[in-house]
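Written out below as C-alpha cells is the structure these notes cover.
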Amino acid sequence: MLLSVELLLPIAKALAAAGGRTNATFNAVVRIDTDDVVTLVMPRVEMGQATYTSLPMLIAEELEVDLARVRLEHAPPDDRLYAPTPGGQQITGGSDSVRTAWLPMRQAGAAARMMLVAAAAQTWGVEPAQCTARSGSVRHAPSGRQLRYGELAGRAAQLPVPAQIALKNPEQFRIIGSGLKRLDGPEKVNGSARFGIDVQLPGLRVVAVAASPVFGGSVKSVDTQAAMAVCGVRQVVRLDDLVAIVADHMGAARKGLAAAAIQWNDGPAGAYSTQDMIDELANASLWEGATARSEGDVAAVRAEAASKGHRTVDAIYEQPLLAHATMEPMNCTVRLSPDGCDIWTGTQVPTRAQAAAARVAGLAVEKVQVHNQLLGGGFGRRLEVDYVTQAVRIAREVKEPIKVIWSREEDIQHSSYRPYHYNRLSATLDAQGRPIAWHHRVTGSSIMARFAPAAFKNDIDVDAIRDAAGPYAFPNVLIQYVRQEPRLPGMMTSWWRGVGHMQNAIAVESFIDELARAAGRDAIAFRKPLLDSHPRALRVLDVLAERSGWDRPLSKGRGRGVALTFAFHTYAAQVVEVTVDADGNVRTERVVTVVDCGRVVSPGSVEAQVQGGTVFGLSAAQFGNITISNGRVEQSNFHDYRILRMNEIPKMETHILPSTEDPTGIGELATVLITPALLNAIHDATGERIRKLPLTR
C-alpha cells in the first residue's frame, strides 16, 4: 500500500474531511512517499521564471530535504485549493509567485517536518524535542537511531497538522538564498521537457488554423476540394471566422491551408488603421475623464504659475500596440467526447481555461480536465484563453483528438495586444525648480473592464493608472483616466510583461527627466527630495549612482540615463549607457540595475529575470510596434516584429541589495525600467527627447 502524508496548507481553517472538502481555502499539497520522494503539486506555472525551482526551495528548506529530492506535479484547476489568496483565482502573473508563496510554502514544509518528527518520537517512545530532522531523515540524538521520511510517512499521515507552525530563523537557512541550480534546467537543455506543443496522444490529428485577418471579419469561401486533395489532410473545418485543416501532421495541415485559397469578408473594420486609433485617442485625451486621485489644487497652481514666476512643462507620450511573440506559439490539444473534455496546454489561468472550455463544449465544469504543461513563454499572453476556446470549437467538429498549433504569423496577427496608450502630462516647477503640481491623464483601452469587470469601478481602470505619479510625493496631484477602445471588433487588449507599471513608468520617468533638465538639476539628485517616504528607494539610487559611475564623464556621442520604480512591492532602478552615431543609430552599451526585492530565495533566478526583462523591454523599445492597415495587423513574423539579436545585447550588471524584508516581485521589474532609462540616455547623448515609440519609427 502506498503510504503518504498529504498536507493541505496550514493557513487553512480546516482540513479536507474524509470523502469530501470543507469550504476552507487551500493553496498547495505536499506528498511524501515511501521511497522518500517529496512531491509538490505546484499551484503556479513555469514559463521560464524559475518558479519550479524557487517554490520547491521554500518547501525543501523547512522540510529539511535536499532540493534534488523534490518532484513536481502540475496542479489541476481548482481555485479553492490553489488560488494565491482566499477567494482569488488560480493564476500565475503579477510577479507574485514567490511573494505569495513565501509564508504558505514554508509553513507547509515546516508542518510536514513537525509531523514526521512527531511520528518518529511515537515510534521510539521518546519526546519530540529529542529528535531532529535533517536531509530527509529524523534522528534521535541520545540513542543515534534514525528513520527515513519514507519510513515515517504512513504514521505521520495519521497525525493532525500542528496548530502552531515553527518556522526556521533566517540564520538557519541552508537552501533559501543559495546558488542552487534550476530543477528544470537539465530537461530543457536535453530536450526532454514537455511543453504544450509536445503533447502526443493515440490517434492525434494536427490542426493548422487561419482566422480572419480583419478583426471582425468572416469566411467568404474555401476551396475544400483542393485542400482535401493534399496527402495527409483528413478534414476541413469551416466556422464563421476561421478555417481549420485537420491532418496527420503539420506539414500536410499547412499545405492544405494554402491549397484552400480562403477568401474573406472584411466586415465593418476593413478600412480601420493605426492612425484612426491614434486620432481617436488624441481626441479622447482632451476630455476630463474619471479622476483616480486628486490632492491639493493642480488647476489653481497652474493658473497662478506665470504670475509667481513658476514654470509649467507639458508633454505627450505615446506607446504603441505590442504583441507578446512568445517562443512557443499558441497551441492546445483537445480530446472531446459527449461525457467529458480533456485539455492539454500551457496556461497561466487553469481554472479560467477550464471554465471557458466547458462553456464552448456545453459541459459542466467538473467534466473538463486541464492538464497544464510547461509554458514556452507567457508574458501575459497566456492569461487569455482564446486559443483554448478556439481549439474546443474545432474539436466539436472532429471525431479524433486534435492538437491546434498556430503559426508564427497567426500568433502575431491574432494576439492579445498591449493597449496603445496616450499620456498627457503637465507639471509646474516653482522658482527653485521644485515640482509643486503634477497632472497625468492616461487615455487608452481598459483591460480590467473586459478581464475583471468587477474591478472596473467609477470608470477607472486601476491597472492603466497604476504608478501614474510614480513613487514621488508632490504637494498637488491630479490623476485621470479616459477609456477609449479601438473600433476593432474582436481585438483583445491585454496585459504585457510589466502591466500598468510599465506604461506609466515610461511616461513618468521620462517626464521626471524632462523636469530635471528644465530645472537644471542632475536627474538622480532631482528625484531624491521627492522620495522622503521611501528610504529604500533612496538607498537603491545611492548604490546605483556608485555602481554605474553616474558622475563619470562620457565621450561625445555617448549618453547615460536613469529610471526608478516601485513596482510589485520592489524598489529598483537602472542606468543605461548608449552610443548614438552620426546617422542617429542607437546602440545600448551597458545596463546597470540595482534591486531591493526583499529576502532573495534564488539569487541566480533574480539575476536571470533582470537580464531577461531588460532584453524583452529593450526589444520593444527599439522595434516593438503592431500597426493596423485596412483592419489587418501588418506585422507577421520576426523579420518585421523584431527582437534583439545576440550581437545587440548590452553588457548587463545586476546588484541585489541585502534585505531582511519578505520577498517581493522581480519578474517584470527590468521591463518596467529599461525603456525610460534608454530614452533618457538618448536625450543625454543627443539632446533629442523621444516621446513616441518605438525608436525605429
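All residue names refer to the C-alpha cells as shown: chains lettered A, B, ... in order, residues numbered from 1 in each chain, ligands numbered from 1 in order.
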Fewer than 4 positions away in the same chain doesn't count, so skip those; otherwise give me all residues within 12 Å of Val126 in chain A, counting only C-alpha atoms, as a ChimeraX atom specification.
/A:117-122,130-131,139-143,145
Resulting file, chosen residues, C-alpha atoms, as an mmCIF file, in the first residue's frame:
```cif
data_model
loop_
_atom_site.group_PDB
_atom_site.id
_atom_site.type_symbol
_atom_site.label_atom_id
_atom_site.label_comp_id
_atom_site.auth_asym_id
_atom_site.auth_seq_id
_atom_site.Cartn_x
_atom_site.Cartn_y
_atom_site.Cartn_z
ATOM 1 C CA VAL A 117 9.380 14.249 13.908
ATOM 2 C CA ALA A 118 6.284 13.509 15.978
ATOM 3 C CA ALA A 119 5.837 10.191 14.150
ATOM 4 C CA ALA A 120 9.440 9.224 14.845
ATOM 5 C CA ALA A 121 9.104 10.176 18.513
ATOM 6 C CA GLN A 122 5.988 7.978 18.782
ATOM 7 C CA GLN A 130 14.936 14.949 21.496
ATOM 8 C CA CYS A 131 14.557 14.379 17.742
ATOM 9 C CA ARG A 139 17.413 11.281 14.156
ATOM 10 C CA HIS A 140 17.219 10.600 17.900
ATOM 11 C CA ALA A 141 20.472 12.092 19.145
ATOM 12 C CA PRO A 142 20.761 10.299 22.517
ATOM 13 C CA SER A 143 20.446 6.816 21.004
ATOM 14 C CA ARG A 145 18.565 5.928 15.990
#
```
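The shell of residues at most 12 Å from Glu366 in chain A, with only C-alpha atoms counted and near chain neighbours (fewer than 4 positions) removed, consists of Pro76, Pro77, Asp78, Asp339, Gly340, Cys341, Asp342, Thr351, Gln354, Ala355, Ala357, Ala358, Arg359, Gly362 and Val370 of chain A.
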Compile a residue-level contact table for range 478-558 of chain A against range 261-271 of chain A at a cut-off of 8 Å, reporting for every qualifying residue the shortest atom pair and its distance in Å to one decimal, with only C-alpha atoms counted, rows ordered by chain and ascending number, as a Markdown table.
```
| residue | atom | partner | partner_atom | distance |
| --- | --- | --- | --- | --- |
| A:Arg487 | CA | A:Ala269 | CA | 7.2 |
| A:Leu488 | CA | A:Ala269 | CA | 5.9 |
| A:Pro489 | CA | A:Ala269 | CA | 7.4 |
```
Selection file, C-alpha atoms, as a compact mmCIF listing (two decimals), in the first residue's frame:
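The resulting again20.txt:
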```txt
# COMPACT_ATOMS: atom_id res chain seq x y z
CA ARG A 487 -13.06 50.33 -33.16
CA LEU A 488 -11.87 46.83 -33.95
CA PRO A 489 -14.45 44.17 -33.05
```
Among range 366-542 of chain A, which residues carry a DSSP assignment of strand (DSSP E), reported as an MDAnalysis selection string?
chainID A and resid 368:372 402:405 421:429 435:444 477:483
Dump as a compact mmCIF listing (two decimals), in the first residue's frame, selection limited to N, CA, C and O atoms:
```
# COMPACT_ATOMS: atom_id res chain seq x y z
N VAL A 368 -14.51 18.90 -17.35
CA VAL A 368 -13.36 19.36 -18.14
C VAL A 368 -12.10 19.25 -17.30
O VAL A 368 -12.04 19.80 -16.19
N GLN A 369 -11.12 18.54 -17.81
CA GLN A 369 -9.84 18.41 -17.13
C GLN A 369 -8.77 19.17 -17.91
O GLN A 369 -8.64 18.98 -19.13
N VAL A 370 -8.03 20.03 -17.22
CA VAL A 370 -6.94 20.78 -17.84
C VAL A 370 -5.62 20.20 -17.35
O VAL A 370 -5.33 20.23 -16.15
N HIS A 371 -4.85 19.66 -18.27
CA HIS A 371 -3.53 19.10 -17.96
C HIS A 371 -2.49 20.16 -18.35
O HIS A 371 -2.09 20.25 -19.51
N ASN A 372 -2.08 20.95 -17.38
CA ASN A 372 -1.19 22.06 -17.70
C ASN A 372 0.21 21.55 -18.02
O ASN A 372 0.67 20.54 -17.47
N ILE A 402 -7.45 16.34 -31.22
CA ILE A 402 -6.73 17.26 -32.12
C ILE A 402 -5.75 18.12 -31.33
O ILE A 402 -5.95 18.40 -30.15
N LYS A 403 -4.69 18.49 -32.03
CA LYS A 403 -3.73 19.46 -31.49
C LYS A 403 -3.69 20.65 -32.44
O LYS A 403 -3.21 20.53 -33.57
N VAL A 404 -4.21 21.78 -31.97
CA VAL A 404 -4.23 23.00 -32.77
C VAL A 404 -2.94 23.78 -32.50
O VAL A 404 -2.62 24.07 -31.34
N ILE A 405 -2.21 24.12 -33.55
CA ILE A 405 -0.97 24.88 -33.41
C ILE A 405 -1.04 26.10 -34.31
O ILE A 405 -1.25 25.99 -35.52
N HIS A 421 -1.32 53.48 -25.59
CA HIS A 421 -1.60 54.44 -24.52
C HIS A 421 -1.18 55.84 -24.95
O HIS A 421 -0.13 56.03 -25.57
N TYR A 422 -2.00 56.78 -24.60
CA TYR A 422 -1.77 58.19 -24.91
C TYR A 422 -1.74 58.93 -23.58
O TYR A 422 -2.75 59.03 -22.88
N ASN A 423 -0.58 59.42 -23.20
CA ASN A 423 -0.37 60.03 -21.89
C ASN A 423 -0.15 61.53 -22.01
O ASN A 423 0.80 61.98 -22.66
N ARG A 424 -1.02 62.30 -21.39
CA ARG A 424 -0.83 63.75 -21.28
C ARG A 424 -0.30 64.06 -19.87
O ARG A 424 -0.93 63.71 -18.87
N LEU A 425 0.85 64.73 -19.82
CA LEU A 425 1.46 65.08 -18.55
C LEU A 425 1.72 66.58 -18.48
O LEU A 425 2.07 67.20 -19.50
N SER A 426 1.56 67.11 -17.29
CA SER A 426 1.85 68.53 -17.06
C SER A 426 2.37 68.68 -15.64
O SER A 426 1.84 68.04 -14.71
N ALA A 427 3.38 69.49 -15.45
CA ALA A 427 3.93 69.73 -14.12
C ALA A 427 4.35 71.19 -14.00
O ALA A 427 4.79 71.81 -14.98
N THR A 428 4.20 71.71 -12.81
CA THR A 428 4.61 73.08 -12.53
C THR A 428 5.79 73.08 -11.57
O THR A 428 5.74 72.39 -10.54
N LEU A 429 6.82 73.82 -11.93
CA LEU A 429 8.01 73.96 -11.10
C LEU A 429 8.01 75.33 -10.44
O LEU A 429 7.69 76.34 -11.08
N PRO A 435 9.15 70.55 -8.26
CA PRO A 435 7.80 70.28 -8.79
C PRO A 435 6.75 70.46 -7.70
O PRO A 435 6.80 69.80 -6.66
N ILE A 436 5.80 71.35 -7.94
CA ILE A 436 4.77 71.61 -6.94
C ILE A 436 3.38 71.19 -7.42
O ILE A 436 2.43 71.24 -6.63
N ALA A 437 3.27 70.77 -8.67
CA ALA A 437 1.99 70.25 -9.17
C ALA A 437 2.27 69.22 -10.26
O ALA A 437 3.17 69.41 -11.08
N TRP A 438 1.47 68.16 -10.24
CA TRP A 438 1.64 67.05 -11.19
C TRP A 438 0.27 66.63 -11.71
O TRP A 438 -0.63 66.33 -10.92
N HIS A 439 0.13 66.61 -13.03
CA HIS A 439 -1.12 66.20 -13.66
C HIS A 439 -0.80 65.16 -14.73
O HIS A 439 0.01 65.41 -15.63
N HIS A 440 -1.44 64.00 -14.62
CA HIS A 440 -1.22 62.92 -15.59
C HIS A 440 -2.58 62.35 -15.98
O HIS A 440 -3.33 61.88 -15.13
N ARG A 441 -2.89 62.44 -17.27
CA ARG A 441 -4.13 61.88 -17.79
C ARG A 441 -3.79 60.73 -18.73
O ARG A 441 -3.12 60.93 -19.75
N VAL A 442 -4.24 59.54 -18.38
CA VAL A 442 -3.97 58.34 -19.16
C VAL A 442 -5.19 58.04 -20.01
O VAL A 442 -6.32 57.94 -19.50
N THR A 443 -4.99 57.86 -21.32
CA THR A 443 -6.08 57.53 -22.24
C THR A 443 -5.74 56.23 -22.95
O THR A 443 -4.65 56.08 -23.51
N GLY A 444 -6.67 55.29 -22.92
CA GLY A 444 -6.43 54.02 -23.60
C GLY A 444 -7.52 53.01 -23.31
O GLY A 444 -8.47 53.26 -22.58
N VAL A 477 -1.55 66.93 -6.81
CA VAL A 477 -1.54 65.80 -7.76
C VAL A 477 -2.94 65.61 -8.33
O VAL A 477 -3.93 65.64 -7.59
N LEU A 478 -3.02 65.38 -9.63
CA LEU A 478 -4.28 65.03 -10.28
C LEU A 478 -4.01 63.92 -11.29
O LEU A 478 -3.24 64.11 -12.24
N ILE A 479 -4.64 62.75 -11.06
CA ILE A 479 -4.50 61.61 -11.97
C ILE A 479 -5.88 61.31 -12.54
O ILE A 479 -6.86 61.13 -11.80
N GLN A 480 -5.98 61.24 -13.87
CA GLN A 480 -7.25 60.99 -14.53
C GLN A 480 -7.12 59.85 -15.53
O GLN A 480 -6.02 59.59 -16.05
N TYR A 481 -8.23 59.20 -15.79
CA TYR A 481 -8.25 58.11 -16.76
C TYR A 481 -9.42 58.30 -17.73
O TYR A 481 -10.55 58.58 -17.32
N VAL A 482 -9.11 58.15 -19.03
CA VAL A 482 -10.13 58.21 -20.07
C VAL A 482 -10.12 56.87 -20.82
O VAL A 482 -9.09 56.49 -21.40
N ARG A 483 -11.24 56.19 -20.79
CA ARG A 483 -11.32 54.93 -21.51
C ARG A 483 -11.67 55.19 -22.97
O ARG A 483 -12.65 55.85 -23.27
```
What's the 12 Å shell around range 162-171 of chain A, counting only C-alpha atoms, without same-chain residues fewer than 3 positions away, as number ranges by chain?
A: 7-15, 58-64, 102-118, 156, 159, 174-177, 599-601, 659-662
Selection: 9 Å around range 209-211 of chain A, only C-alpha atoms, excl. self and same-chain fewer than 2 positions, as a ChimeraX atom specification:
/A:207,213-214,217-219,241-246,253-254,257,262,404-407,410,414
Take the residues from that selection and put them in a file with N, CA, C and O atoms, as a PDB file, in the first residue's frame.
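The result, stored in part_37.pdb:
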```pdb
ATOM      1  N   VAL A 207      -3.745  20.233 -36.318  1.00  0.00           N
ATOM      2  CA  VAL A 207      -4.608  21.212 -36.963  1.00  0.00           C
ATOM      3  C   VAL A 207      -3.848  22.519 -37.184  1.00  0.00           C
ATOM      4  O   VAL A 207      -3.264  23.078 -36.251  1.00  0.00           O
ATOM      5  N   PRO A 213      -8.189  37.624 -41.149  1.00  0.00           N
ATOM      6  CA  PRO A 213      -7.111  38.603 -40.975  1.00  0.00           C
ATOM      7  C   PRO A 213      -7.617  39.974 -40.555  1.00  0.00           C
ATOM      8  O   PRO A 213      -6.862  40.784 -40.029  1.00  0.00           O
ATOM      9  N   VAL A 214      -8.899  40.237 -40.794  1.00  0.00           N
ATOM     10  CA  VAL A 214      -9.510  41.500 -40.386  1.00  0.00           C
ATOM     11  C   VAL A 214     -10.292  41.262 -39.105  1.00  0.00           C
ATOM     12  O   VAL A 214     -11.072  40.318 -39.014  1.00  0.00           O
ATOM     13  N   GLY A 217     -13.963  40.106 -39.154  1.00  0.00           N
ATOM     14  CA  GLY A 217     -14.288  39.594 -40.487  1.00  0.00           C
ATOM     15  C   GLY A 217     -14.809  38.170 -40.436  1.00  0.00           C
ATOM     16  O   GLY A 217     -14.902  37.541 -39.374  1.00  0.00           O
ATOM     17  N   SER A 218     -15.141  37.620 -41.602  1.00  0.00           N
ATOM     18  CA  SER A 218     -15.718  36.272 -41.665  1.00  0.00           C
ATOM     19  C   SER A 218     -15.251  35.561 -42.926  1.00  0.00           C
ATOM     20  O   SER A 218     -14.726  36.183 -43.863  1.00  0.00           O
ATOM     21  N   VAL A 219     -15.471  34.242 -42.944  1.00  0.00           N
ATOM     22  CA  VAL A 219     -15.078  33.423 -44.094  1.00  0.00           C
ATOM     23  C   VAL A 219     -16.049  33.661 -45.244  1.00  0.00           C
ATOM     24  O   VAL A 219     -17.269  33.610 -45.069  1.00  0.00           O
ATOM     25  N   ASP A 241     -15.614  32.480 -38.561  1.00  0.00           N
ATOM     26  CA  ASP A 241     -14.477  33.393 -38.595  1.00  0.00           C
ATOM     27  C   ASP A 241     -13.147  32.713 -38.820  1.00  0.00           C
ATOM     28  O   ASP A 241     -12.096  33.353 -38.755  1.00  0.00           O
ATOM     29  N   LEU A 242     -13.153  31.402 -39.092  1.00  0.00           N
ATOM     30  CA  LEU A 242     -11.881  30.697 -39.255  1.00  0.00           C
ATOM     31  C   LEU A 242     -12.058  29.440 -40.088  1.00  0.00           C
ATOM     32  O   LEU A 242     -13.160  28.910 -40.238  1.00  0.00           O
ATOM     33  N   VAL A 243     -10.912  28.970 -40.596  1.00  0.00           N
ATOM     34  CA  VAL A 243     -10.840  27.701 -41.318  1.00  0.00           C
ATOM     35  C   VAL A 243      -9.742  26.879 -40.670  1.00  0.00           C
ATOM     36  O   VAL A 243      -8.639  27.386 -40.406  1.00  0.00           O
ATOM     37  N   ALA A 244     -10.021  25.618 -40.396  1.00  0.00           N
ATOM     38  CA  ALA A 244      -9.044  24.722 -39.782  1.00  0.00           C
ATOM     39  C   ALA A 244      -8.847  23.505 -40.669  1.00  0.00           C
ATOM     40  O   ALA A 244      -9.814  22.923 -41.171  1.00  0.00           O
ATOM     41  N   ILE A 245      -7.600  23.120 -40.865  1.00  0.00           N
ATOM     42  CA  ILE A 245      -7.265  21.935 -41.652  1.00  0.00           C
ATOM     43  C   ILE A 245      -6.772  20.854 -40.698  1.00  0.00           C
ATOM     44  O   ILE A 245      -5.777  21.035 -39.987  1.00  0.00           O
ATOM     45  N   VAL A 246      -7.475  19.733 -40.669  1.00  0.00           N
ATOM     46  CA  VAL A 246      -7.142  18.611 -39.798  1.00  0.00           C
ATOM     47  C   VAL A 246      -6.334  17.612 -40.610  1.00  0.00           C
ATOM     48  O   VAL A 246      -6.773  17.167 -41.682  1.00  0.00           O
ATOM     49  N   ALA A 253      -1.077  19.793 -42.901  1.00  0.00           N
ATOM     50  CA  ALA A 253      -2.060  20.791 -42.493  1.00  0.00           C
ATOM     51  C   ALA A 253      -1.741  22.154 -43.093  1.00  0.00           C
ATOM     52  O   ALA A 253      -2.646  22.869 -43.569  1.00  0.00           O
ATOM     53  N   ARG A 254      -0.468  22.535 -43.085  1.00  0.00           N
ATOM     54  CA  ARG A 254      -0.078  23.826 -43.646  1.00  0.00           C
ATOM     55  C   ARG A 254      -0.288  23.852 -45.155  1.00  0.00           C
ATOM     56  O   ARG A 254      -0.752  24.862 -45.711  1.00  0.00           O
ATOM     57  N   LEU A 257      -3.931  24.205 -45.874  1.00  0.00           N
ATOM     58  CA  LEU A 257      -4.397  25.568 -45.623  1.00  0.00           C
ATOM     59  C   LEU A 257      -4.093  26.465 -46.817  1.00  0.00           C
ATOM     60  O   LEU A 257      -4.924  27.286 -47.238  1.00  0.00           O
ATOM     61  N   ILE A 262      -8.431  30.549 -49.144  1.00  0.00           N
ATOM     62  CA  ILE A 262      -9.541  31.154 -48.397  1.00  0.00           C
ATOM     63  C   ILE A 262      -9.756  32.598 -48.831  1.00  0.00           C
ATOM     64  O   ILE A 262      -8.814  33.375 -48.963  1.00  0.00           O
ATOM     65  N   VAL A 404      -4.211  21.782 -31.972  1.00  0.00           N
ATOM     66  CA  VAL A 404      -4.227  23.000 -32.774  1.00  0.00           C
ATOM     67  C   VAL A 404      -2.941  23.776 -32.502  1.00  0.00           C
ATOM     68  O   VAL A 404      -2.621  24.073 -31.343  1.00  0.00           O
ATOM     69  N   ILE A 405      -2.208  24.119 -33.551  1.00  0.00           N
ATOM     70  CA  ILE A 405      -0.967  24.879 -33.413  1.00  0.00           C
ATOM     71  C   ILE A 405      -1.040  26.100 -34.311  1.00  0.00           C
ATOM     72  O   ILE A 405      -1.245  25.985 -35.522  1.00  0.00           O
ATOM     73  N   TRP A 406      -0.878  27.257 -33.720  1.00  0.00           N
ATOM     74  CA  TRP A 406      -0.853  28.487 -34.502  1.00  0.00           C
ATOM     75  C   TRP A 406       0.511  28.666 -35.151  1.00  0.00           C
ATOM     76  O   TRP A 406       1.553  28.392 -34.530  1.00  0.00           O
ATOM     77  N   SER A 407       0.516  29.134 -36.358  1.00  0.00           N
ATOM     78  CA  SER A 407       1.776  29.542 -36.987  1.00  0.00           C
ATOM     79  C   SER A 407       2.258  30.824 -36.322  1.00  0.00           C
ATOM     80  O   SER A 407       1.518  31.487 -35.589  1.00  0.00           O
ATOM     81  N   GLU A 410       0.033  33.597 -37.475  1.00  0.00           N
ATOM     82  CA  GLU A 410      -1.256  33.594 -36.783  1.00  0.00           C
ATOM     83  C   GLU A 410      -1.088  34.131 -35.362  1.00  0.00           C
ATOM     84  O   GLU A 410      -1.929  34.864 -34.845  1.00  0.00           O
ATOM     85  N   HIS A 414      -2.995  37.615 -34.445  1.00  0.00           N
ATOM     86  CA  HIS A 414      -4.213  37.380 -33.664  1.00  0.00           C
ATOM     87  C   HIS A 414      -3.879  37.278 -32.180  1.00  0.00           C
ATOM     88  O   HIS A 414      -4.498  36.511 -31.436  1.00  0.00           O
TER      89      HIS A 414
END
```
Selection near Arg418 in chain A, 9 Å with only C-alpha atoms, sequence-local residues under 3 positions removed, as a VMD selection string
chain A and resid 320 to 324 421 447 492 to 496 499
List as an MDAnalysis selection string the protein and nucleic acid residues near range 37-47 of chain A, meaning an atom at most 6 Å away when only C-alpha atoms are counted, but skip any in the same chain fewer than 6 places from it.
chainID A and resid 29:31 69:75 82 92 374:378
What's the 9 Å shell around Ile682 in chain A, counting only C-alpha atoms, without same-chain residues fewer than 4 positions away, as a tab-separated table (two decimals) with N, CA, C and O atoms, in the first residue's frame?
```
chain	number	residue	atom	x	y	z
A	558	ARG	N	27.97	59.63	-26.56
A	558	ARG	CA	27.55	58.64	-25.57
A	558	ARG	C	26.71	59.34	-24.51
A	558	ARG	O	26.99	60.47	-24.12
A	559	GLY	N	25.66	58.66	-24.04
A	559	GLY	CA	24.78	59.26	-23.05
A	559	GLY	C	24.41	58.26	-21.97
A	559	GLY	O	24.53	57.05	-22.15
A	560	ARG	N	23.94	58.81	-20.86
A	560	ARG	CA	23.59	57.98	-19.71
A	560	ARG	C	22.23	58.43	-19.17
A	560	ARG	O	21.98	59.63	-19.02
A	561	GLY	N	21.35	57.48	-18.91
A	561	GLY	CA	20.02	57.81	-18.41
A	561	GLY	C	19.64	56.91	-17.25
A	561	GLY	O	20.13	55.78	-17.13
A	577	GLU	N	23.56	53.14	-20.57
A	577	GLU	CA	24.51	53.92	-21.37
A	577	GLU	C	24.33	53.55	-22.84
A	577	GLU	O	24.24	52.36	-23.18
A	578	VAL	N	24.24	54.57	-23.68
A	578	VAL	CA	24.06	54.35	-25.11
A	578	VAL	C	25.11	55.11	-25.90
A	578	VAL	O	25.71	56.08	-25.42
A	579	THR	N	25.29	54.64	-27.12
A	579	THR	CA	26.08	55.37	-28.11
A	579	THR	C	25.16	55.69	-29.28
A	579	THR	O	24.43	54.81	-29.76
A	580	VAL	N	25.18	56.94	-29.73
A	580	VAL	CA	24.39	57.36	-30.89
A	580	VAL	C	25.37	57.88	-31.94
A	580	VAL	O	26.11	58.84	-31.69
A	586	VAL	N	21.18	54.04	-32.66
A	586	VAL	CA	21.36	53.91	-31.21
A	586	VAL	C	21.82	52.50	-30.88
A	586	VAL	O	21.26	51.52	-31.35
A	677	ALA	N	14.76	54.57	-19.03
A	677	ALA	CA	16.20	54.78	-18.85
A	677	ALA	C	16.89	54.95	-20.20
A	677	ALA	O	17.79	55.78	-20.37
A	678	LEU	N	16.46	54.15	-21.19
A	678	LEU	CA	17.01	54.25	-22.54
A	678	LEU	C	16.70	55.62	-23.16
A	678	LEU	O	17.59	56.28	-23.72
A	686	THR	N	22.13	63.15	-27.18
A	686	THR	CA	21.80	63.91	-28.39
A	686	THR	C	21.05	65.21	-28.13
A	686	THR	O	20.98	66.06	-29.02
A	687	GLY	N	20.43	65.33	-26.96
A	687	GLY	CA	19.57	66.49	-26.72
A	687	GLY	C	18.19	66.33	-27.30
A	687	GLY	O	17.33	67.21	-27.13
A	688	GLU	N	17.91	65.20	-27.94
A	688	GLU	CA	16.60	64.96	-28.54
A	688	GLU	C	15.72	64.18	-27.58
A	688	GLU	O	16.14	63.16	-27.02
A	689	ARG	N	14.50	64.64	-27.37
A	689	ARG	CA	13.57	63.97	-26.47
A	689	ARG	C	12.58	63.14	-27.30
A	689	ARG	O	11.81	63.68	-28.09
A	690	ILE	N	12.61	61.83	-27.11
A	690	ILE	CA	11.73	60.93	-27.84
A	690	ILE	C	10.53	60.62	-26.96
A	690	ILE	O	10.66	60.13	-25.84
```
Among range 351-540 of chain A, which residues carry a DSSP assignment of helix (DSSP H, G or I), reported as a ChimeraX atom specification?
/A:351-361,365-367,381-383,386-395,408-413,447-451,453-455,499-518,523-531,535-540
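Closest approach to Asn458 in chain A from the set A:Val562, A:Val392, A:Ala292, A:Val540 is made by A:Ala292, with distances taken over only C-alpha atoms.
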To one decimal in Å, tell me the separation between CA of Ser415 in chain A and CA of Glu328 in chain A.
12.9 Å
